[in-house]
Every structure is written in structure tokens, then in C-alpha cells.
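Content type compact mmCIF, C-alpha atoms and all ligand atoms, from the file run-v4.txt:
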```txt
# COMPACT_ATOMS: atom_id res chain seq x y z
CA MET A 1 209.01 192.09 -33.22
CA LEU A 2 208.18 189.04 -31.12
CA SER A 3 208.05 189.55 -27.39
CA THR A 4 211.16 188.32 -25.63
CA THR A 5 209.21 186.86 -22.72
CA TYR A 6 207.81 183.46 -23.53
CA PRO A 7 204.98 181.67 -21.73
CA ALA A 8 206.54 179.47 -19.01
CA ARG A 9 204.01 176.81 -19.81
CA ARG A 10 202.65 176.29 -23.27
CA MET A 11 199.55 174.18 -22.70
CA ARG A 12 199.20 173.79 -26.45
CA ARG A 13 202.51 171.88 -26.73
CA LEU A 14 200.87 168.59 -25.68
CA ARG A 15 197.99 169.18 -28.06
CA ALA A 16 200.16 169.62 -31.15
CA GLN A 17 200.17 165.95 -32.25
CA SER A 18 197.56 163.22 -31.95
CA GLY A 19 200.05 160.79 -30.38
CA LEU A 20 200.81 163.28 -27.62
CA ARG A 21 197.13 163.98 -27.07
CA GLU A 22 196.52 160.26 -26.61
CA LEU A 23 199.56 159.85 -24.37
CA VAL A 24 198.31 162.41 -21.85
CA ALA A 25 194.57 161.60 -22.07
CA GLU A 26 193.19 161.26 -18.53
CA ASN A 27 190.12 159.22 -19.41
CA GLN A 28 189.25 156.60 -21.95
CA LEU A 29 186.02 155.10 -23.16
CA SER A 30 185.82 151.45 -24.16
CA ALA A 31 183.08 149.05 -25.21
CA SER A 32 183.43 147.22 -21.89
CA ASP A 33 182.14 150.36 -20.12
CA LEU A 34 178.78 150.11 -21.89
CA ILE A 35 175.55 148.41 -20.86
CA TYR A 36 172.93 148.13 -23.60
CA PRO A 37 169.25 148.35 -22.55
CA VAL A 38 166.96 146.23 -24.76
CA PHE A 39 163.17 145.97 -25.02
CA VAL A 40 161.68 142.47 -25.32
CA LEU A 41 158.44 141.59 -27.13
CA PRO A 42 156.34 138.43 -26.84
CA GLY A 43 156.09 136.13 -29.86
CA GLU A 44 158.48 135.21 -32.64
CA GLY A 45 159.97 137.16 -35.52
CA GLN A 46 158.73 140.42 -34.03
CA ARG A 47 160.52 143.74 -34.53
CA GLU A 48 158.81 147.03 -33.73
CA ALA A 49 160.29 150.49 -34.05
CA VAL A 50 159.90 152.88 -31.10
CA PRO A 51 158.85 156.19 -32.70
CA SER A 52 160.23 158.43 -29.93
CA MET A 53 163.56 156.51 -29.97
CA PRO A 54 164.71 156.42 -33.62
CA GLY A 55 167.05 153.48 -34.21
CA ILE A 56 165.67 151.44 -31.30
CA GLU A 57 163.46 148.40 -31.90
CA ARG A 58 161.57 146.20 -29.51
CA LEU A 59 162.52 142.59 -30.34
CA SER A 60 161.04 139.17 -29.71
CA ILE A 61 163.40 136.73 -28.01
CA ASP A 62 164.52 134.95 -31.22
CA GLU A 63 165.36 138.30 -32.86
CA LEU A 64 167.14 139.41 -29.70
CA ILE A 65 169.31 136.32 -29.77
CA ASN A 66 170.13 136.95 -33.42
CA ASP A 67 171.09 140.59 -32.90
CA ALA A 68 173.04 139.85 -29.72
CA LYS A 69 175.64 138.08 -31.88
CA ASP A 70 176.55 141.42 -33.48
CA TRP A 71 176.61 143.25 -30.14
CA ARG A 72 178.94 140.62 -28.73
CA ALA A 73 181.23 141.02 -31.75
CA LEU A 74 181.40 144.75 -31.03
CA GLY A 75 182.62 144.00 -27.51
CA ILE A 76 179.45 144.70 -25.56
CA THR A 77 179.50 142.58 -22.42
CA THR A 78 176.20 143.42 -20.69
CA LEU A 79 172.53 143.75 -21.66
CA ALA A 80 169.80 145.28 -19.48
CA ILE A 81 166.50 143.50 -20.15
CA PHE A 82 163.19 145.41 -20.24
CA PRO A 83 160.03 143.42 -21.04
CA VAL A 84 157.11 144.91 -22.98
CA THR A 85 154.20 143.36 -21.12
CA PRO A 86 150.88 142.92 -22.93
CA MET A 87 148.01 144.84 -21.32
CA SER A 88 146.26 141.54 -20.56
CA ALA A 89 149.10 140.51 -18.22
CA LYS A 90 148.99 143.74 -16.17
CA SER A 91 147.12 143.89 -12.89
CA ASP A 92 146.84 145.90 -9.67
CA CYS A 93 148.99 143.35 -7.81
CA ALA A 94 151.63 143.04 -10.57
CA SER A 95 151.91 139.27 -10.14
CA GLU A 96 153.29 138.93 -13.69
CA ALA A 97 156.48 140.53 -12.32
CA PHE A 98 157.54 137.28 -10.65
CA ASN A 99 156.05 134.81 -13.13
CA PRO A 100 158.87 132.33 -13.86
CA GLU A 101 157.49 132.15 -17.41
CA GLY A 102 157.32 135.95 -17.75
CA LEU A 103 158.93 137.63 -20.72
CA ALA A 104 162.02 138.94 -18.89
CA GLN A 105 162.60 135.55 -17.26
CA GLN A 106 162.21 133.70 -20.58
CA ALA A 107 164.48 136.15 -22.38
CA MET A 108 167.23 135.75 -19.78
CA ARG A 109 167.07 131.96 -19.85
CA ALA A 110 167.27 131.96 -23.66
CA LEU A 111 170.12 134.48 -23.79
CA LYS A 112 172.12 132.57 -21.18
CA ARG A 113 171.68 129.36 -23.14
CA ALA A 114 172.88 131.05 -26.33
CA TYR A 115 175.69 133.15 -24.77
CA PRO A 116 176.78 131.78 -21.38
CA ASP A 117 179.31 134.57 -20.77
CA LEU A 118 177.05 137.46 -21.78
CA LEU A 119 176.19 139.41 -18.61
CA LEU A 120 172.50 139.96 -18.01
CA MET A 121 171.04 142.71 -15.88
CA SER A 122 167.37 142.70 -14.96
CA ASP A 123 165.04 145.56 -14.04
CA VAL A 124 163.40 145.12 -10.64
CA ALA A 125 160.33 147.37 -10.47
CA LEU A 126 156.63 146.87 -11.00
CA ASP A 127 155.75 149.54 -13.59
CA PRO A 128 155.65 147.23 -16.64
CA PHE A 129 153.19 144.99 -14.76
CA THR A 130 150.80 147.33 -12.94
CA SER A 131 147.56 148.48 -14.53
CA HIS A 132 148.21 152.00 -13.16
CA GLY A 133 151.84 152.18 -14.37
CA GLN A 134 153.35 153.03 -10.97
CA ASP A 135 156.52 151.21 -9.81
CA GLY A 136 154.76 149.76 -6.76
CA LEU A 137 151.40 148.74 -5.33
CA VAL A 138 148.99 151.60 -4.60
CA ASN A 139 146.48 152.00 -1.76
CA ASP A 140 142.97 153.52 -1.95
CA GLN A 141 144.41 157.04 -1.87
CA GLY A 142 146.64 156.22 -4.85
CA TYR A 143 149.77 156.31 -2.66
CA VAL A 144 152.52 153.82 -3.56
CA VAL A 145 152.89 151.66 -0.46
CA ASN A 146 156.48 150.85 0.46
CA ASP A 147 156.73 147.64 2.47
CA GLU A 148 154.05 145.70 0.58
CA THR A 149 155.80 146.66 -2.66
CA VAL A 150 159.15 145.45 -1.31
CA GLU A 151 157.64 141.98 -0.74
CA VAL A 152 156.73 141.76 -4.43
CA LEU A 153 160.11 143.14 -5.52
CA VAL A 154 161.84 140.40 -3.53
CA LYS A 155 159.86 137.73 -5.38
CA GLN A 156 160.63 139.43 -8.69
CA ALA A 157 164.37 139.65 -7.98
CA LEU A 158 164.46 135.97 -6.96
CA SER A 159 162.72 134.93 -10.16
CA HIS A 160 165.30 136.93 -12.15
CA ALA A 161 168.22 135.30 -10.33
CA GLN A 162 166.68 131.89 -10.98
CA ALA A 163 166.33 132.77 -14.67
CA GLY A 164 170.04 133.58 -14.92
CA ALA A 165 170.36 137.30 -14.14
CA ASP A 166 173.95 138.13 -13.19
CA ILE A 167 172.90 141.52 -11.88
CA VAL A 168 169.49 142.44 -10.50
CA ALA A 169 168.87 146.18 -10.67
CA PRO A 170 166.08 147.60 -8.52
CA SER A 171 164.86 150.80 -10.22
CA ASP A 172 161.79 151.35 -8.02
CA MET A 173 163.15 153.64 -5.26
CA MET A 174 161.29 151.93 -2.39
CA ASP A 175 163.06 152.22 0.98
CA GLY A 176 164.72 149.06 2.31
CA ARG A 177 164.41 146.99 -0.84
CA ILE A 178 168.12 146.41 -1.31
CA GLY A 179 168.47 144.84 2.15
CA ALA A 180 165.39 142.68 1.66
CA ILE A 181 166.52 141.49 -1.77
CA ARG A 182 170.07 140.80 -0.57
CA GLN A 183 168.79 138.66 2.33
CA ALA A 184 166.43 136.71 0.08
CA LEU A 185 169.14 136.07 -2.54
CA GLU A 186 171.50 134.77 0.15
CA GLN A 187 168.83 132.50 1.61
CA ALA A 188 168.05 131.08 -1.82
CA GLY A 189 171.71 130.31 -2.52
CA HIS A 190 172.27 133.17 -4.98
CA SER A 191 175.10 134.70 -2.99
CA ASN A 192 177.00 135.75 -6.14
CA THR A 193 174.08 137.51 -7.82
CA CYS A 194 175.08 141.17 -7.94
CA ILE A 195 172.83 144.08 -7.09
CA MET A 196 173.13 147.32 -9.04
CA ALA A 197 170.95 149.76 -7.15
CA TYR A 198 169.28 152.61 -8.94
CA SER A 199 170.09 154.57 -5.78
CA ALA A 200 169.85 158.16 -6.94
CA LYS A 201 166.97 157.99 -9.36
CA TYR A 202 165.29 161.32 -9.95
CA ALA A 203 161.62 162.03 -10.72
CA SER A 204 162.68 163.10 -14.19
CA SER A 205 160.76 164.07 -17.30
CA TYR A 206 163.51 162.54 -19.44
CA TYR A 207 161.96 159.05 -19.12
CA GLY A 208 159.07 159.74 -21.53
CA PRO A 209 160.34 157.76 -24.55
CA PHE A 210 161.13 154.74 -22.32
CA ARG A 211 157.53 154.72 -21.08
CA ASP A 212 156.44 154.71 -24.75
CA ALA A 213 158.82 151.83 -25.45
CA VAL A 214 157.60 149.56 -22.64
CA GLY A 215 153.99 150.72 -23.01
CA SER A 216 153.55 152.14 -19.49
CA ALA A 217 152.94 155.74 -20.65
CA ALA A 218 149.24 155.06 -21.30
CA ASN A 219 148.82 153.40 -17.90
CA ILE A 220 150.33 156.21 -15.87
CA LYS A 221 148.18 158.79 -17.73
CA GLY A 222 150.25 161.87 -17.06
CA GLY A 223 150.78 160.97 -13.38
CA ASP A 224 154.20 161.29 -11.80
CA LYS A 225 156.50 159.35 -9.46
CA LYS A 226 157.46 162.21 -7.14
CA THR A 227 156.49 160.41 -3.92
CA TYR A 228 159.30 157.90 -4.42
CA GLN A 229 161.78 159.16 -7.02
CA MET A 230 164.06 162.05 -5.99
CA ASP A 231 163.52 165.78 -6.33
CA PRO A 232 165.87 167.16 -9.05
CA ALA A 233 166.68 170.01 -6.66
CA ASN A 234 168.63 167.74 -4.31
CA SER A 235 172.23 166.56 -4.15
CA ASP A 236 173.07 165.71 -0.50
CA GLU A 237 169.99 163.49 -0.46
CA ALA A 238 171.48 161.45 -3.31
CA ILE A 239 174.57 160.73 -1.25
CA THR A 240 172.39 159.53 1.66
CA GLU A 241 170.33 157.32 -0.68
CA ILE A 242 173.49 155.79 -2.16
CA ALA A 243 175.10 155.25 1.27
CA LEU A 244 171.96 153.48 2.51
CA ASP A 245 171.87 151.13 -0.49
CA LEU A 246 175.55 150.30 0.06
CA GLN A 247 174.91 149.55 3.74
CA GLU A 248 172.04 147.29 2.70
CA GLY A 249 174.28 145.30 0.36
CA ALA A 250 174.37 146.96 -3.07
CA ASP A 251 177.49 146.02 -5.07
CA MET A 252 177.16 148.85 -7.58
CA VAL A 253 175.15 152.04 -7.58
CA MET A 254 173.58 154.15 -10.26
CA VAL A 255 172.70 157.77 -10.89
CA LYS A 256 169.83 158.43 -13.28
CA PRO A 257 169.30 160.37 -15.57
CA GLY A 258 172.80 161.00 -16.84
CA MET A 259 173.95 164.24 -18.44
CA PRO A 260 171.91 166.65 -16.27
CA TYR A 261 173.14 164.80 -13.15
CA LEU A 262 176.88 164.40 -13.74
CA ASP A 263 177.53 166.43 -10.57
CA ILE A 264 175.90 163.59 -8.61
CA VAL A 265 178.09 161.01 -10.38
CA ARG A 266 181.17 163.04 -9.42
CA ARG A 267 180.10 163.40 -5.77
CA CYS A 268 179.27 159.70 -5.51
CA LYS A 269 182.65 158.64 -6.85
CA GLU A 270 184.57 161.17 -4.77
CA GLU A 271 182.74 160.72 -1.47
CA LEU A 272 181.84 157.01 -1.50
CA LYS A 273 184.47 155.51 -3.85
CA VAL A 274 182.33 152.62 -5.07
CA PRO A 275 181.49 151.17 -8.51
CA THR A 276 179.36 153.95 -9.96
CA PHE A 277 177.15 153.80 -13.03
CA ALA A 278 175.08 156.37 -14.84
CA TYR A 279 172.10 155.95 -17.16
CA GLN A 280 171.99 158.05 -20.31
CA VAL A 281 168.21 157.74 -20.41
CA SER A 282 165.68 157.55 -23.23
CA GLY A 283 165.02 161.30 -23.31
CA GLU A 284 168.73 162.04 -23.63
CA TYR A 285 168.93 159.52 -26.48
CA ALA A 286 165.85 161.05 -28.16
CA MET A 287 167.13 164.61 -28.03
CA HIS A 288 170.48 163.60 -29.46
CA GLN A 289 168.78 161.66 -32.27
CA ALA A 290 166.52 164.62 -33.06
CA ALA A 291 169.56 166.87 -33.48
CA PHE A 292 171.37 164.23 -35.58
CA ALA A 293 168.33 163.79 -37.85
CA ASN A 294 168.20 167.54 -38.45
CA GLY A 295 171.88 167.69 -39.25
CA TRP A 296 172.44 170.00 -36.29
CA LEU A 297 174.98 167.76 -34.56
CA ASP A 298 177.48 165.23 -35.93
CA ALA A 299 176.34 161.87 -34.53
CA ASP A 300 179.67 160.01 -34.71
CA LYS A 301 181.50 162.72 -32.80
CA VAL A 302 178.81 163.71 -30.32
CA ILE A 303 177.96 160.15 -29.24
CA LEU A 304 181.54 159.49 -28.13
CA GLU A 305 181.92 162.93 -26.55
CA SER A 306 178.71 162.50 -24.55
CA LEU A 307 179.86 159.11 -23.23
CA LEU A 308 183.39 160.25 -22.45
CA GLY A 309 181.82 162.99 -20.32
CA PHE A 310 180.36 160.29 -18.06
CA LYS A 311 183.80 158.71 -17.63
CA ARG A 312 185.37 162.08 -16.81
CA ALA A 313 182.64 162.70 -14.21
CA GLY A 314 183.69 159.44 -12.52
CA ALA A 315 181.33 156.80 -13.91
CA ASP A 316 182.78 153.29 -14.19
CA GLY A 317 180.13 152.36 -16.71
CA ILE A 318 177.21 153.80 -18.64
CA LEU A 319 173.83 152.43 -19.61
CA THR A 320 173.20 153.82 -23.07
CA TYR A 321 170.97 153.17 -26.08
CA PHE A 322 173.96 154.23 -28.18
CA ALA A 323 175.97 151.20 -27.00
CA PRO A 324 176.26 149.30 -30.33
CA GLN A 325 176.87 152.48 -32.34
CA ALA A 326 179.45 153.72 -29.84
CA ALA A 327 181.20 150.35 -29.73
CA ALA A 328 181.38 150.32 -33.54
CA LEU A 329 182.86 153.83 -33.55
CA LEU A 330 185.43 152.80 -30.94
CA GLN A 331 186.49 149.81 -33.08
CA ARG A 332 187.14 152.16 -36.02
CA LYS A 333 189.12 154.67 -33.97
N1 LIG B 401 161.28 151.50 -13.15
C1 LIG B 401 161.12 151.81 -14.46
C2 LIG B 401 162.25 152.35 -15.23
N2 LIG B 401 163.42 151.69 -15.43
C3 LIG B 401 164.19 152.46 -16.28
C4 LIG B 401 163.46 153.63 -16.60
C5 LIG B 401 163.83 154.77 -17.50
C6 LIG B 401 164.86 154.51 -18.50
C7 LIG B 401 164.93 155.49 -19.61
O1 LIG B 401 164.26 156.54 -19.65
O2 LIG B 401 165.71 155.22 -20.54
C8 LIG B 401 162.25 153.56 -15.92
C9 LIG B 401 161.20 154.60 -16.07
C10 LIG B 401 160.55 155.23 -14.94
O3 LIG B 401 161.04 155.22 -13.80
O4 LIG B 401 159.47 155.76 -15.18
MG MG B 402 166.68 154.44 -1.48
```
Now, as a test, write the supplied structure out as C-alpha cells.
Ligand SMILES: NCc1[nH]cc(CCC(=O)O)c1CC(=O)O
Ligand SMILES: [Mg+2]
Amino acid sequence: MLSTTYPARRMRRLRAQSGLRELVAENQLSASDLIYPVFVLPGEGQREAVPSMPGIERLSIDELINDAKDWRALGITTLAIFPVTPMSAKSDCASEAFNPEGLAQQAMRALKRAYPDLLLMSDVALDPFTSHGQDGLVNDQGYVVNDETVEVLVKQALSHAQAGADIVAPSDMMDGRIGAIRQALEQAGHSNTCIMAYSAKYASSYYGPFRDAVGSAANIKGGDKKTYQMDPANSDEAITEIALDLQEGADMVMVKPGMPYLDIVRRCKEELKVPTFAYQVSGEYAMHQAAFANGWLDADKVILESLLGFKRAGADGILTYFAPQAAALLQRK
């Protein structure tokens, strides 16, 4: 005998057909939410695999321009440019960072020429250019000095804007750099260059494969960035960091890494209500790929689920090495 009392609400009713599931879906992922980070090599015709990031290649500018055609066709609107600087161009003062003929600057000029409406985001930080691999200049005690570093970051950001960056993205975590960069951009006539601040960037061990990819792992020699990047134990501090960057003129803010820090994404969106981005970093990419390669997780399903989780947490967009693969999956859906 069936019970004569029925559930007042059958939650499963709206799950019974795919059309209904789609009708009531609260969040949606699309290719226009994705920013694709790319690694740029000097030279021509160069493609190099990154062993700790299966599926990711460092590309010379000509190869980058070739491949970008496919990414555009998949609906990807924005690339984040990371140069792989030869050891010979690194120094203690990181002057290569603001060389107008530097690799990032050249890549952005070439990409803009080839695809005028492709959005370009640049990385503002000194780690690819310092011989010690830190994001700023260091004093005799090995401490990363704030205000002297900010002066170099300003020059770097200006050189990126001049090379065609639509968005400059300081990832260095120095205090006061957003305000200094904003002022300098205004003075130089780049009032529409956007700033995406890596505001809540944690001193994370998930960045390892990225440091392999850009070749800064050897320089930093097992050191850490704990005197400027945030302590993973903290959450209120992230809100203060983000609020400061907004006051100083950031247009968009970022939380980094991604999946272990979705609570910060949620708090940022809820408390500050600003354009909020999250970075699914190299280590997150690597651990997913390792599970896919072993057949432990289904790549096509898990990639989209992991990215939808960012949207549900409140992110407006996601930097992800899965961008082309995810965009292709979304086209097939
Ligand atoms: N300022 C450097 C920078 N910009 C982006 C990343 C990490 C990205 C990733 O792991 O995918 C890092 C590494 C670091 O802070 O050591
Ligand atoms: Mg800050």
C-alpha cells in the first residue's frame, strides 16, 4: 500500500526532464566567461610542451597568432599574456619588465595587429625578469621592498598599455600599486586601460607548474612569497585587500587560486558587488589532468563542472588553462 500522505514539495519534479532542468538552472557557463592564459617564447616556429601542465605549450609569437584563430572561433574573447624570459634578460633590477621590445610587449602588438577586437590582458609583476625570481626588487636582507618595486611596476604597466593591453593585471601584491598605476595611466592618456587587480592572491603552493612554465622555479630555488602574498588562513584580510584596490582605482578584482578559495569569491561578490574574477591556477589544472590521464575522472564532464562551480560562487569570469577545451565542449552542448 502506498502512503496516502504525499510530499508537499517534490524537488525531483523539476529534475525529471532535461528541458526543465535547463529552464530552472540558476547559473550558466559560457565561452565569454573565460580568459585563457598563454605562455610566450622568443623566436619563430617554437612550440614547447610544459611537462607539469599536459596539453599546454609555450608558443613563439607567430605560433600564438596561428593558434589564436582557433581560440577566437571557439568564442574566447580574452588572452592573458605570460612571457618566458631567457635567463640572459633577467637581472636584479628587472629592467626587461618595461622594455618596449620585450616579449610580452611584442606579443601584444602582434596580436592586436592580427585581431584588433581580441582582448589582451597583461601580467604586471617582476618575477619573470628578476634573477632571484621574486615579484619585486629585494634589499640586502632579501626582503622584497615595496615602494621601489611599485616604481618599476608603473613603468611596466605603462609599457603594456602602450603595446596595446586592454587590461593590465598587477599580480605582485605590493601595497599601493593600483593607485600608482592608475595615476600614471591617466597622465599618459590611457584613461580607458582597465586594471584587473590580483587583490586576494594567496601565498599558495598551487603555482608550482606555472613557475616551471615561465622558468622562474629555478630562480626562486624553493623560496616563498609569504611576505607579500596572503596567508591561506585569512578571509577578512582578503576583503580589506580587495576594498583597498577598488579605492585605488581597480576596475575588476581577482581571487587566486580558485577552487580552494571559492569562499573568498563568494564573500567578495556578496560584500563588495564588483566585477569578480577567479584564477583556476596551474596546480589545479595539473591535478585535474593527472586524474584524467589515469582515467580516474571524466575530463569532459569535470572540466565544465569545475568551471560552473566558479560561476555559482559568484565569479563573473574565470582564468583557466582549460579555456579552449571548455569552449569546445560548450559549443557541442
Ligand atoms: N606574479 C606571478 C604570477 N602570475 C600568475 C601566477 C600563477 C598562475 C598559475 O599558477 O597558474 C604567478 C605565480 C606566482 O605568484 O608565483
Ligand atoms: Mg593589496
Taking (158.8, 160.1, -6.7) in the file's coordinates, which residues come within 9 Å, counting all atoms listed in the file, written as an NGL selection string?
:A and (173 or 201-204 or 224-231)
Nearby residues, ligand MG 402 (chain B), 10 Å, all atoms listed in the file, as an MDAnalysis selection string:
chainID A and resid 170:178 197:201 228:230 237:238 240:246 248
Name all residues at most 9 Å from Gly43 (chain A) (count all atoms listed in the file; drop same-chain ones fewer than 5 positions away) and give them as a JSON list (two decimals) with C-alpha atoms, keeping the file's coordinate frame.
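Here's the written file out.json:
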```json
[["chain", "number", "residue", "atom", "x", "y", "z"],
["A", 60, "SER", "CA", 161.04, 139.17, -29.71],
["A", 61, "ILE", "CA", 163.40, 136.73, -28.01],
["A", 62, "ASP", "CA", 164.52, 134.95, -31.22]]
```
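Each residue with an atom within 6 Å of any atom of ligand LIG 401 (chain B) appears in the list, which was built counting all atoms listed in the file: Ala125, Asp127, Asp135, Ser171, Asp172, Tyr207, Phe210, Val281 and Ser282 of chain A.
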Within 6 Å of Pro83 (chain A), counting all atoms listed in the file, which residues show up once you throw out same-chain ones fewer than 5 positions away? Write them as a PyMOL selection string, please.
chain A and resi 39-40+103-104
Residues near Gln331 (chain A), cut-off 9 Å, all atoms listed in the file, skip fewer than 6 positions along chain, as a tab-separated table (two decimals) with C-alpha atoms, in the coordinates of the input:
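Heads up, here's the output in out29.tsv:
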```tsv
chain	number	residue	atom	x	y	z
A	31	ALA	CA	183.08	149.05	-25.21
A	74	LEU	CA	181.40	144.75	-31.03
A	75	GLY	CA	182.62	144.00	-27.51
```
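Candidate residues A:Phe98, A:Tyr143, A:Tyr321, A:Tyr206 were compared for distance to Gln156 (chain A), and the nearest is A:Phe98, using only C-alpha atoms.
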Please compute the CA of Leu262 (chain A)-CA of Gln134 (chain A) distance, one decimal, in Å.
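Separation between CA of Leu262 (chain A) and CA of Gln134 (chain A): 26.3 Å.
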Which is closest to Arg113 (chain A) among A:Gly164, A:Lys301, A:Gly45, A:Tyr279, if we use all atoms listed in the file?
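Distance minimum relative to Arg113 (chain A) lands on A:Gly164.
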Restricting the calculation to only C-alpha atoms: of A:Met108, A:Ile220, A:Ala165, A:Ala290, which residue gets closest to Gly142 (chain A)?
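Closest to Gly142 (chain A) of all the choices is A:Ile220.
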Please provide as number ranges by chain all residues within 12 Å of Asp67 (chain A), with the sequence filter that same-chain residues fewer than 5 positions apart are discarded (counting all atoms listed in the file).
A: 38, 45, 47, 57-62, 72-74, 76, 79, 111, 114-115, 324
Export of the given selection (C-alpha atoms) as a PDB file, in the frame of the given file:
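New file result_30.pdb:
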```pdb
ATOM      1  CA  VAL A  38     166.960 146.230 -24.760  1.00  0.00           C
ATOM      2  CA  GLY A  45     159.970 137.160 -35.520  1.00  0.00           C
ATOM      3  CA  ARG A  47     160.520 143.740 -34.530  1.00  0.00           C
ATOM      4  CA  GLU A  57     163.460 148.400 -31.900  1.00  0.00           C
ATOM      5  CA  ARG A  58     161.570 146.200 -29.510  1.00  0.00           C
ATOM      6  CA  LEU A  59     162.520 142.590 -30.340  1.00  0.00           C
ATOM      7  CA  SER A  60     161.040 139.170 -29.710  1.00  0.00           C
ATOM      8  CA  ILE A  61     163.400 136.730 -28.010  1.00  0.00           C
ATOM      9  CA  ASP A  62     164.520 134.950 -31.220  1.00  0.00           C
ATOM     10  CA  ARG A  72     178.940 140.620 -28.730  1.00  0.00           C
ATOM     11  CA  ALA A  73     181.230 141.020 -31.750  1.00  0.00           C
ATOM     12  CA  LEU A  74     181.400 144.750 -31.030  1.00  0.00           C
ATOM     13  CA  ILE A  76     179.450 144.700 -25.560  1.00  0.00           C
ATOM     14  CA  LEU A  79     172.530 143.750 -21.660  1.00  0.00           C
ATOM     15  CA  LEU A 111     170.120 134.480 -23.790  1.00  0.00           C
ATOM     16  CA  ALA A 114     172.880 131.050 -26.330  1.00  0.00           C
ATOM     17  CA  TYR A 115     175.690 133.150 -24.770  1.00  0.00           C
ATOM     18  CA  PRO A 324     176.260 149.300 -30.330  1.00  0.00           C
TER      19      PRO A 324
END
```
Applying 8 Å and all atoms listed in the file, which residues near Leu153 (chain A) remain after dropping the ones on its own chain fewer than 4 positions away? List them as a ChimeraX atom specification.
/A:124-126,149,157,177,181
Around region 310-321 of chain A, with edges along x, y and z and 3 Å added on all six sides, what centre and edge lengths do you get, in Å to one decimal, as lines of an AutoDock Vina configuration file?
```
center_x = 178.2
center_y = 157.5
center_z = -19.3
size_x = 20.4
size_y = 16.3
size_z = 19.6
```
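Restricting the calculation to all atoms listed in the file, the smallest distance between Gly249 (chain A) and any of A:Val152, A:Leu330, A:Ala180, A:Ala80 is found for A:Ala180.
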Which of these residues is nearest to Pro116 (chain A), using all atoms listed in the file: A:Gln247, A:Ser131, A:Asp166, A:Trp71?
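Of A:Gln247, A:Ser131, A:Asp166, A:Trp71, the one nearest Pro116 (chain A), counting all atoms listed in the file, is A:Asp166.
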Smallest atom-to-atom distance to Arg266 (chain A): which of A:Gly222, A:Gly314, A:Gly309, A:Gly55, using all atoms listed in the file?
A:Gly314
